[in-house]
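Source file upload.cif; content: mmCIF, C-alpha atoms.
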data_input
#
loop_
_atom_site.label_atom_id
_atom_site.label_comp_id
_atom_site.auth_asym_id
_atom_site.auth_seq_id
_atom_site.Cartn_x
_atom_site.Cartn_y
_atom_site.Cartn_z
CA MET N 1 49.64 12.45 111.88
CA GLU N 2 46.90 12.09 109.30
CA ALA N 3 46.53 9.01 107.09
CA THR N 4 46.89 9.50 103.35
CA VAL N 5 43.75 8.66 101.38
CA VAL N 6 44.21 7.65 97.76
CA ARG N 7 41.30 8.63 95.54
CA THR N 8 40.66 6.89 92.25
CA GLY N 9 38.07 9.23 90.85
CA THR N 10 35.36 6.51 90.79
CA GLU N 11 33.82 7.21 94.20
CA GLY N 12 30.03 7.26 94.12
CA LYS N 13 29.90 5.78 90.65
CA THR N 14 28.67 2.38 89.50
CA TRP N 15 30.16 0.25 86.76
CA GLY N 16 28.24 0.78 83.59
CA GLY N 17 29.96 -1.75 81.39
CA GLY N 18 32.10 -1.16 78.34
CA ASN N 19 35.35 -0.46 80.17
CA ASP N 20 35.89 -3.87 81.75
CA PRO N 21 38.73 -6.22 80.75
CA LEU N 22 36.25 -8.43 78.85
CA LYS N 23 35.07 -5.48 76.76
CA ALA N 24 31.45 -6.56 77.26
CA SER N 25 28.43 -4.36 77.77
CA TYR N 26 26.31 -4.59 80.90
CA GLY N 27 23.58 -6.52 79.06
CA LYS N 28 25.97 -9.13 77.70
CA MET N 29 27.63 -9.55 81.09
CA MET N 30 24.26 -10.21 82.70
CA MET N 31 23.46 -12.73 79.98
CA TRP N 32 26.75 -14.51 80.71
CA PHE N 33 25.91 -14.59 84.44
CA PHE N 34 22.53 -16.13 83.65
CA ILE N 35 24.10 -18.71 81.32
CA LEU N 36 26.63 -19.66 83.98
CA SER N 37 23.95 -20.18 86.64
CA ASP N 38 21.76 -22.14 84.24
CA ALA N 39 24.71 -24.29 83.20
CA LEU N 40 25.23 -25.25 86.85
CA THR N 41 21.55 -26.20 87.08
CA PHE N 42 21.71 -28.47 84.04
CA SER N 43 24.99 -29.94 85.32
CA GLY N 44 23.25 -30.91 88.55
CA PHE N 45 20.41 -32.59 86.65
CA LEU N 46 22.76 -34.55 84.40
CA ALA N 47 24.94 -35.56 87.37
CA ALA N 48 21.85 -36.86 89.19
CA TYR N 49 20.88 -38.77 86.05
CA GLY N 50 24.36 -40.29 85.85
CA PHE N 51 24.33 -41.45 89.47
CA SER N 52 20.85 -42.95 89.10
CA ARG N 53 21.79 -44.76 85.93
CA PHE N 54 24.88 -46.18 87.60
CA LYS N 55 22.72 -47.43 90.47
CA PHE N 56 20.39 -49.26 88.06
CA ILE N 57 23.05 -50.09 85.47
CA ASP N 58 21.93 -53.74 85.28
CA SER N 59 18.34 -52.86 84.35
CA TRP N 60 18.43 -49.46 82.60
CA PRO N 61 16.40 -49.28 79.35
CA ILE N 62 18.18 -49.51 76.00
CA ALA N 63 17.79 -46.14 74.25
CA ASP N 64 17.79 -47.71 70.76
CA GLU N 65 14.67 -49.68 71.70
CA VAL N 66 12.88 -46.77 73.34
CA PHE N 67 13.49 -44.02 70.76
CA ASN N 68 13.08 -45.98 67.55
CA HIS N 69 10.13 -44.16 65.96
CA PHE N 70 10.08 -41.97 62.87
CA PRO N 71 7.13 -39.85 61.67
CA PHE N 72 4.97 -41.45 58.96
CA LEU N 73 6.99 -44.70 59.16
CA HIS N 74 4.84 -46.75 61.50
CA GLY N 75 6.33 -50.11 62.39
CA VAL N 76 9.77 -49.27 60.98
CA ASP N 77 12.63 -49.77 63.43
CA ALA N 78 14.64 -46.55 63.19
CA PRO N 79 16.73 -46.35 66.38
CA MET N 80 17.77 -42.80 67.21
CA TYR N 81 17.24 -41.57 63.63
CA TYR N 82 14.63 -38.98 64.50
CA VAL N 83 16.48 -37.81 67.61
CA ALA N 84 19.58 -37.33 65.44
CA LEU N 85 17.52 -35.32 62.95
CA MET N 86 16.15 -33.14 65.76
CA THR N 87 19.69 -32.52 66.98
CA PHE N 88 20.86 -31.56 63.50
CA ILE N 89 17.98 -29.09 63.09
CA LEU N 90 18.75 -27.42 66.43
CA ILE N 91 22.47 -27.16 65.67
CA PHE N 92 21.70 -25.75 62.21
CA SER N 93 19.50 -23.10 63.87
CA SER N 94 22.55 -22.10 65.88
CA VAL N 95 24.42 -21.58 62.59
CA THR N 96 21.69 -19.29 61.28
CA MET N 97 21.83 -17.37 64.56
CA VAL N 98 25.58 -16.82 64.06
CA LEU N 99 24.86 -15.50 60.57
CA ALA N 100 22.19 -13.17 61.99
CA VAL N 101 24.63 -11.76 64.55
CA ASP N 102 27.30 -11.29 61.87
CA ALA N 103 24.82 -9.52 59.61
CA GLY N 104 23.90 -7.26 62.54
CA HIS N 105 27.54 -6.28 62.97
CA HIS N 106 27.51 -5.15 59.34
CA MET N 107 24.12 -3.40 59.78
CA LYS N 108 22.45 -5.54 57.11
CA LYS N 109 18.82 -5.51 58.17
CA ALA N 110 17.53 -7.81 55.39
CA LYS N 111 19.98 -10.58 56.23
CA VAL N 112 19.35 -10.27 59.96
CA THR N 113 15.63 -10.65 59.25
CA LEU N 114 16.15 -13.74 57.07
CA TYR N 115 18.50 -15.55 59.45
CA MET N 116 16.40 -14.73 62.51
CA PHE N 117 13.37 -16.15 60.71
CA LEU N 118 15.24 -19.38 59.87
CA THR N 119 16.39 -19.66 63.50
CA ILE N 120 12.80 -19.35 64.73
CA ILE N 121 11.59 -22.00 62.26
CA GLY N 122 14.34 -24.38 63.39
CA GLY N 123 13.38 -23.89 67.02
CA ILE N 124 9.69 -24.50 66.31
CA ILE N 125 10.48 -27.71 64.43
CA PHE N 126 12.65 -28.92 67.31
CA VAL N 127 10.01 -28.23 69.97
CA GLY N 128 7.34 -29.87 67.82
CA SER N 129 9.59 -32.90 67.34
CA GLN N 130 10.19 -33.11 71.07
CA ALA N 131 6.43 -33.05 71.69
CA TRP N 132 6.05 -35.90 69.18
CA GLU N 133 8.73 -37.89 71.03
CA TRP N 134 6.89 -37.31 74.30
CA LYS N 135 3.64 -38.55 72.74
CA ASN N 136 5.24 -41.81 71.61
CA PHE N 137 7.03 -42.28 74.90
CA ILE N 138 3.84 -41.77 76.90
CA SER N 139 1.63 -43.98 74.73
CA GLY N 140 4.24 -46.74 74.37
CA GLU N 141 4.38 -49.35 71.65
CA TYR N 142 4.46 -52.89 73.05
CA GLY N 143 3.38 -52.74 76.68
CA ALA N 144 4.66 -54.93 79.50
CA VAL N 145 3.74 -56.64 82.75
CA THR N 146 4.70 -55.29 86.17
CA THR N 147 5.85 -57.51 89.04
CA LYS N 148 5.47 -57.36 92.81
CA GLY N 149 8.93 -55.85 93.13
CA GLY N 150 8.16 -53.08 90.64
CA ASN N 151 10.15 -54.65 87.80
CA ILE N 152 9.09 -55.01 84.18
CA LEU N 153 8.51 -58.20 82.19
CA GLN N 154 8.46 -57.80 78.42
CA PHE N 155 7.33 -60.35 75.83
CA VAL N 156 9.37 -61.64 72.90
CA ASP N 157 8.98 -64.36 70.28
CA GLY N 158 11.33 -67.27 69.65
CA GLU N 159 13.71 -65.00 67.70
CA GLY N 160 13.90 -62.39 70.44
CA HIS N 161 11.67 -59.80 68.75
CA ARG N 162 9.32 -57.79 70.96
CA VAL N 163 5.66 -58.75 70.97
CA ALA N 164 2.91 -56.28 71.88
CA LEU N 165 0.23 -56.94 74.48
CA SER N 166 -2.38 -56.52 71.73
CA GLU N 167 -0.94 -59.59 69.98
CA ILE N 168 -1.03 -61.68 73.16
CA ALA N 169 -4.26 -60.85 74.99
CA VAL N 170 -7.16 -63.28 74.71
CA PRO N 171 -10.58 -61.75 75.50
CA ILE N 172 -12.19 -63.21 78.62
CA GLU N 173 -15.94 -63.20 79.12
CA GLY N 174 -17.24 -60.84 81.77
CA ASP N 175 -17.22 -57.08 82.10
CA ARG N 176 -14.47 -55.30 83.97
CA VAL N 177 -16.03 -52.65 86.18
CA GLU N 178 -14.38 -49.26 86.36
CA HIS N 179 -14.26 -47.56 89.76
CA GLU N 180 -16.82 -44.86 90.23
CA ALA N 181 -17.91 -42.79 93.19
CA ASN N 182 -20.83 -45.15 93.87
CA ASN N 183 -19.00 -48.47 93.60
CA GLY N 184 -15.41 -47.86 94.67
CA ILE N 185 -13.32 -46.30 97.39
CA TRP N 186 -13.54 -42.54 97.16
CA PHE N 187 -9.90 -41.95 96.27
CA ASP N 188 -10.06 -44.60 93.52
CA SER N 189 -13.06 -43.10 91.80
CA GLY N 190 -12.46 -42.37 88.15
CA ALA N 191 -9.40 -44.64 87.86
CA GLU N 192 -9.06 -45.88 84.29
CA LEU N 193 -8.78 -49.57 83.56
CA PRO N 194 -5.83 -50.82 81.49
CA THR N 195 -6.52 -51.83 77.91
CA TYR N 196 -5.79 -55.47 78.71
CA SER N 197 -6.20 -57.24 82.02
CA LEU N 198 -3.52 -59.45 83.51
CA ASP N 199 -5.78 -62.50 83.16
CA GLU N 200 -6.17 -61.83 79.42
CA ILE N 201 -2.39 -61.61 79.04
CA LYS N 202 -1.80 -64.80 81.04
CA ALA N 203 -4.36 -66.70 78.99
CA GLY N 204 -2.86 -65.53 75.70
CA PHE N 205 0.68 -66.25 76.85
CA ALA N 206 -0.22 -69.79 77.93
CA ALA N 207 -1.93 -70.46 74.59
CA ASN N 208 1.05 -69.38 72.47
CA GLU N 209 4.06 -71.63 73.03
CA ASN N 210 6.29 -69.39 70.90
CA LEU N 211 6.21 -66.58 73.45
CA LEU N 212 8.90 -65.97 76.05
CA ILE N 213 9.52 -63.40 78.76
CA ARG N 214 12.39 -60.93 78.70
CA THR N 215 13.40 -59.35 82.00
CA GLN N 216 14.97 -55.93 82.40
CA THR N 217 18.23 -57.42 83.73
CA PHE N 218 21.28 -57.49 81.43
CA THR N 219 23.34 -60.58 80.68
CA GLU N 220 27.14 -60.68 80.40
CA ASP N 221 26.73 -59.98 76.67
CA ASN N 222 24.98 -56.68 77.52
CA GLU N 223 21.61 -57.98 76.32
CA LYS N 224 18.33 -58.31 78.18
CA THR N 225 17.82 -61.72 79.81
CA ILE N 226 15.34 -63.99 77.99
CA LEU N 227 13.86 -66.78 80.09
CA SER N 228 13.03 -70.26 78.90
CA ARG N 229 9.42 -71.22 78.27
CA ASP N 230 9.03 -72.98 81.64
CA GLU N 231 10.79 -70.14 83.48
CA SER N 232 8.58 -67.61 81.70
CA LEU N 233 5.36 -69.38 82.71
CA ALA N 234 6.50 -69.72 86.31
CA LYS N 235 7.60 -66.08 86.59
CA LEU N 236 4.42 -64.76 85.00
CA ASP N 237 2.22 -66.77 87.37
CA ALA N 238 4.25 -66.06 90.51
CA GLU N 239 5.25 -62.39 90.15
CA ALA N 240 2.98 -60.56 87.69
CA VAL N 241 0.57 -58.09 89.29
CA GLY N 242 -0.58 -55.87 86.43
CA THR N 243 -0.03 -54.49 82.94
CA VAL N 244 1.46 -51.21 81.82
CA GLU N 245 1.42 -49.43 78.47
CA GLY N 246 3.75 -46.52 77.81
CA ALA N 247 5.40 -44.42 80.48
CA ASN N 248 4.46 -41.83 83.07
CA LEU N 249 5.85 -40.60 86.38
CA THR N 250 4.86 -43.80 88.22
CA GLN N 251 5.09 -46.59 85.64
CA ASN N 252 7.33 -47.28 82.68
CA GLU N 253 7.04 -50.15 80.22
CA TYR N 254 10.70 -49.75 79.25
CA GLY N 255 12.24 -50.28 82.70
CA PRO N 256 12.68 -48.42 86.02
CA PRO N 257 10.20 -45.52 86.47
CA LEU N 258 13.19 -43.31 87.32
CA PHE N 259 14.17 -43.41 83.65
CA ALA N 260 10.83 -41.84 82.69
CA ASP N 261 11.08 -39.30 85.52
CA PHE N 262 14.45 -38.07 84.27
CA PHE N 263 13.30 -38.11 80.66
CA PHE N 264 10.28 -35.91 81.36
CA PHE N 265 12.14 -33.56 83.71
CA ILE N 266 15.41 -33.03 81.81
CA THR N 267 14.03 -32.93 78.24
CA GLY N 268 11.02 -30.94 79.47
CA PHE N 269 13.24 -28.39 81.23
CA HIS N 270 15.37 -28.06 78.11
CA GLY N 271 12.27 -27.82 75.92
CA PHE N 272 11.02 -24.97 78.12
CA HIS N 273 14.32 -23.17 77.48
CA VAL N 274 13.96 -23.66 73.73
CA LEU N 275 10.36 -22.44 73.81
CA SER N 276 11.43 -19.37 75.81
CA GLY N 277 14.18 -18.74 73.26
CA ILE N 278 11.67 -18.97 70.40
CA ILE N 279 9.41 -16.40 72.07
CA ILE N 280 12.33 -14.03 72.70
CA ASN N 281 13.57 -14.53 69.13
CA ILE N 282 10.12 -13.67 67.77
CA ILE N 283 10.08 -10.43 69.79
CA ILE N 284 13.58 -9.53 68.56
CA PHE N 285 12.59 -10.53 65.00
CA PHE N 286 9.67 -8.08 64.92
CA ASN N 287 11.89 -5.34 66.35
CA VAL N 288 14.33 -6.02 63.51
CA VAL N 289 11.51 -5.86 60.96
CA ILE N 290 10.20 -2.49 62.19
CA GLY N 291 13.74 -1.09 62.26
CA THR N 292 14.18 -0.58 66.01
CA TYR N 293 17.82 -1.62 66.05
CA GLU N 294 18.55 0.12 62.77
CA ARG N 295 17.54 3.40 64.41
CA ARG N 296 19.62 2.60 67.50
CA GLY N 297 22.61 1.97 65.29
CA SER N 298 23.32 -1.37 66.99
CA TYR N 299 22.04 -4.96 66.78
CA GLU N 300 23.41 -5.90 70.20
CA MET N 301 20.03 -7.35 71.24
CA VAL N 302 20.40 -9.94 68.48
CA GLU N 303 23.83 -10.80 69.82
CA LYS N 304 22.53 -11.17 73.38
CA VAL N 305 19.68 -13.48 72.42
CA GLY N 306 22.20 -15.32 70.25
CA LEU N 307 24.29 -16.11 73.33
CA TYR N 308 21.23 -17.65 74.97
CA TRP N 309 20.37 -19.66 71.85
CA HIS N 310 23.89 -21.06 71.55
CA PHE N 311 23.77 -22.07 75.21
CA VAL N 312 20.48 -23.93 74.68
CA ASP N 313 21.99 -25.75 71.70
CA LEU N 314 25.11 -26.67 73.65
CA VAL N 315 23.05 -28.02 76.55
CA TRP N 316 21.12 -30.24 74.14
CA VAL N 317 24.39 -31.74 72.90
CA PHE N 318 25.11 -32.86 76.47
CA VAL N 319 21.55 -34.08 77.03
CA PHE N 320 21.67 -35.97 73.74
CA THR N 321 25.00 -37.54 74.67
CA PHE N 322 24.12 -38.50 78.24
CA PHE N 323 20.52 -39.57 77.70
CA TYR N 324 20.47 -41.07 74.22
CA LEU N 325 24.00 -42.21 73.36
CA VAL N 326 25.80 -43.30 76.52
#

When written as structure tokens, how does the structure in this file appear?
Amino acid sequence: MEATVVRTGTEGKTWGGGNDPLKASYGKMMMWFFILSDALTFSGFLAAYGFSRFKFIDSWPIADEVFNHFPFLHGVDAPMYYVALMTFILIFSSVTMVLAVDAGHHMKKAKVTLYMFLTIIGGIIFVGSQAWEWKNFISGEYGAVTTKGGNILQFVDGEGHRVALSEIAVPIEGDRVEHEANNGIWFDSGAELPTYSLDEIKAGFAANENLLIRTQTFTEDNEKTILSRDESLAKLDAEAVGTVEGANLTQNEYGPPLFADFFFFITGFHGFHVLSGIIINIIIFFNVVIGTYERRGSYEMVEKVGLYWHFVDLVWVFVFTFFYLV
């Protein structure tokens, strides 16, 4: 007795898109697959950031104190203002992308060109703003002193306002020699000296009785702990081992180095996505200008790159929330 074989008529064929339940073309389906995989990657990064912050919850930097710069307003305390402006610009670029996609559905080449151009400008401004934030984060503003345990000691005045190392240091006679190949250990050759030595900071701190030390540990009132004058002198003499200005992958004047590591990695990874989106948008933009999609009778490429751009914007909302607000 032979078995009955049911044939569907699709043997030997591959799915070409367009007839699936989602009514999506092959290109859009692949873009959705990429977005899903990338979303899982960003989720892993943000989850790792959350766990690390929870581990150092008593000493994590205060975002309002770290990101308080605004272009052309030197010395003005503007906590989170510029980051909020960056976020608004990126979200607005997502709006112009929606308008470009809608214009493509109606085969309006001029409007697609205009809205694509505005989207590209918004992306460029955002990436440029992110680079400016990196510059300020790396260079720092006040500086701090590192301890034997790898903690940070910051300086404040009697009213609790931060004081920069440049306002504390007292020049000490004698040249500080920088390591070179002929006078230092080979793997230390070329190491740059800090702007101010620890001895200069100690001398200046001892001479100014209005200065106090603020540790990176929080009090019950969710504020950084400020030591008394005697406690500050004792801690500076007993635990200080060096000075630090700004932040990098090994040192961070704002708190635990892990904060800087996550900042560079997560915002840098997102910035790479935005930069990639700008490049793709520029390619699509020039194809729109020369009429490539007009001749094809479809602006689906604009829609596909739009999906990617919306994803990048959405990811930034989560990065902004986790890293800057929470």

Out of N:Ala103, N:Leu46, N:Ile279, N:Met97, which residue has the shortest atom-to-atom distance to Phe265 in chain N when counting all atoms listed in the file? N:Leu46

Could you tell me how far CA of Gln154 in chain N lies from CA of Arg214 in chain N, in Å and to one decimal?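 Distance between the two atoms: 5.0 Å.
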
Could you expand the PyMOL selection byres ((chain N and resi 166) around 9) into the explicit residues it covers here, written as a list of chain:residue names?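 Given this file, the PyMOL selection byres ((chain N and resi 166) around 9) evaluates to N:Tyr142, N:Gly143, N:Val163, N:Ala164, N:Leu165, N:Glu167, N:Ile168, N:Ala169, N:Val170, N:Thr195, N:Tyr196, N:Ile201.
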
Selection result of the PyMOL selection byres ((chain N and resi 64) around 8) on this file, as a list in words: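 This file, filtered by the PyMOL selection byres ((chain N and resi 64) around 8), leaves Ile62, Ala63, Glu65, Val66, Phe67, Asn68, Pro79, Met80 and Tyr324 of chain N.
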
What residues come out when you apply the PyMOL selection byres ((chain N and resi 123-135) around 7) to this file, written as a ChimeraX atom specification? /N:86,89-90,93,119-122,136-139,271,274-275,278

I need the residues from that last selection saved to file as a PDB file, keeping the file's coordinate frame (with C-alpha atoms), if you can.
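For reference, part-v9.pdb as written:
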ATOM      1  CA  MET N  86      16.150 -33.140  65.760  1.00  0.00           C
ATOM      2  CA  ILE N  89      17.980 -29.090  63.090  1.00  0.00           C
ATOM      3  CA  LEU N  90      18.750 -27.420  66.430  1.00  0.00           C
ATOM      4  CA  SER N  93      19.500 -23.100  63.870  1.00  0.00           C
ATOM      5  CA  THR N 119      16.390 -19.660  63.500  1.00  0.00           C
ATOM      6  CA  ILE N 120      12.800 -19.350  64.730  1.00  0.00           C
ATOM      7  CA  ILE N 121      11.590 -22.000  62.260  1.00  0.00           C
ATOM      8  CA  GLY N 122      14.340 -24.380  63.390  1.00  0.00           C
ATOM      9  CA  ASN N 136       5.240 -41.810  71.610  1.00  0.00           C
ATOM     10  CA  PHE N 137       7.030 -42.280  74.900  1.00  0.00           C
ATOM     11  CA  ILE N 138       3.840 -41.770  76.900  1.00  0.00           C
ATOM     12  CA  SER N 139       1.630 -43.980  74.730  1.00  0.00           C
ATOM     13  CA  GLY N 271      12.270 -27.820  75.920  1.00  0.00           C
ATOM     14  CA  VAL N 274      13.960 -23.660  73.730  1.00  0.00           C
ATOM     15  CA  LEU N 275      10.360 -22.440  73.810  1.00  0.00           C
ATOM     16  CA  ILE N 278      11.670 -18.970  70.400  1.00  0.00           C
TER      17      ILE N 278
END

Which one of N:Ala247, N:Thr41, N:Gly104, N:Ala48 sits closest to Glu303 in chain N if you count all atoms listed in the file?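 Under the stated criterion, the closest residue is N:Gly104.
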
Ranking N:Ser43, N:Lys109, N:Glu220, N:Ile35 by minimum distance to Thr292 in chain N and counting only C-alpha atoms, which one comes first?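 That would be N:Lys109, the residue with the smallest distance to Thr292 in chain N.
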
Using all atoms listed in the file, which of the listed residues (N:Leu212, N:Ile280, N:His105, N:His270) sits closest to His161 in chain N?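 For His161 in chain N, the nearest of the given residues is N:Leu212.
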
For Tyr81 in chain N, please output as a PDB file with C-alpha atoms, in the coordinates of the input all residues within 8 Å (counting only C-alpha atoms; exclusion window: fewer than 3 positions along the same chain).
ATOM      1  CA  ASN N  68      13.080 -45.980  67.550  1.00  0.00           C
ATOM      2  CA  HIS N  69      10.130 -44.160  65.960  1.00  0.00           C
ATOM      3  CA  PHE N  70      10.080 -41.970  62.870  1.00  0.00           C
ATOM      4  CA  ALA N  78      14.640 -46.550  63.190  1.00  0.00           C
ATOM      5  CA  ALA N  84      19.580 -37.330  65.440  1.00  0.00           C
ATOM      6  CA  LEU N  85      17.520 -35.320  62.950  1.00  0.00           C
TER       7      LEU N  85
END

Of N:Thr96, N:Thr243, N:Ser197, N:Thr87, the one nearest to Lys148 in chain N when counting all atoms listed in the file is N:Thr243

Grab the CA of Gly255 in chain N to CA of Val156 in chain N distance for me, in Å with one decimal place. 15.3 Å

Surrounding residues of Val289 in chain N excluding itself and chain neighbours under 3 positions, 12 Å, all atoms listed in the file, as a PyMOL selection string: chain N and resi 108-114+116-117+282-286+292-295

Just checking: using all atoms listed in the file, which residue out of N:Met107, N:Ile152, N:Ile57, N:Ala203 ends up closest to Pro171 in chain N?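 Using all atoms listed in the file, Pro171 in chain N sits closest to N:Ala203.
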
Rounded to one decimal place, report the CA of Gly149 in chain N-CA of Glu209 in chain N distance in Å. 26.0 Å

Taking 6 positions as the minimum chain separation for residues in the same chain, which residues sit within 9 Å of Gln251 in chain N when counting only C-alpha atoms? Answer as a PyMOL selection string. chain N and resi 146+150+244-245+257-258+260

For Trp309 in chain N, find every residue with an atom within 7 Å (counting all atoms listed in the file), except residues of its own chain fewer than 4 positions away, and show them as an MDAnalysis selection string. chainID N and resid 94 277 305 313

Listed atoms of range 79-82 of chain N, axis-aligned box, 4 Å per side: centre and edge lengths to one decimal in Å, as AutoDock Vina command-line options?
--center_x 16.2 --center_y -42.7 --center_z 65.4 --size_x 11.1 --size_y 15.4 --size_z 11.6

Counting all atoms listed in the file, what is within 12 Å of Met31 in chain N, bar same-chain residues fewer than 3 positions away, as a PyMOL selection string? chain N and resi 24-28+34-38+300-301+303-311

Store the residues of this selection in a file with C-alpha atoms, as an mmCIF file, in the coordinates of the input.
data_model
loop_
_atom_site.group_PDB
_atom_site.id
_atom_site.type_symbol
_atom_site.label_atom_id
_atom_site.label_comp_id
_atom_site.auth_asym_id
_atom_site.auth_seq_id
_atom_site.Cartn_x
_atom_site.Cartn_y
_atom_site.Cartn_z
ATOM 1 C CA ALA N 24 31.450 -6.560 77.260
ATOM 2 C CA SER N 25 28.430 -4.360 77.770
ATOM 3 C CA TYR N 26 26.310 -4.590 80.900
ATOM 4 C CA GLY N 27 23.580 -6.520 79.060
ATOM 5 C CA LYS N 28 25.970 -9.130 77.700
ATOM 6 C CA PHE N 34 22.530 -16.130 83.650
ATOM 7 C CA ILE N 35 24.100 -18.710 81.320
ATOM 8 C CA LEU N 36 26.630 -19.660 83.980
ATOM 9 C CA SER N 37 23.950 -20.180 86.640
ATOM 10 C CA ASP N 38 21.760 -22.140 84.240
ATOM 11 C CA GLU N 300 23.410 -5.900 70.200
ATOM 12 C CA MET N 301 20.030 -7.350 71.240
ATOM 13 C CA GLU N 303 23.830 -10.800 69.820
ATOM 14 C CA LYS N 304 22.530 -11.170 73.380
ATOM 15 C CA VAL N 305 19.680 -13.480 72.420
ATOM 16 C CA GLY N 306 22.200 -15.320 70.250
ATOM 17 C CA LEU N 307 24.290 -16.110 73.330
ATOM 18 C CA TYR N 308 21.230 -17.650 74.970
ATOM 19 C CA TRP N 309 20.370 -19.660 71.850
ATOM 20 C CA HIS N 310 23.890 -21.060 71.550
ATOM 21 C CA PHE N 311 23.770 -22.070 75.210
#
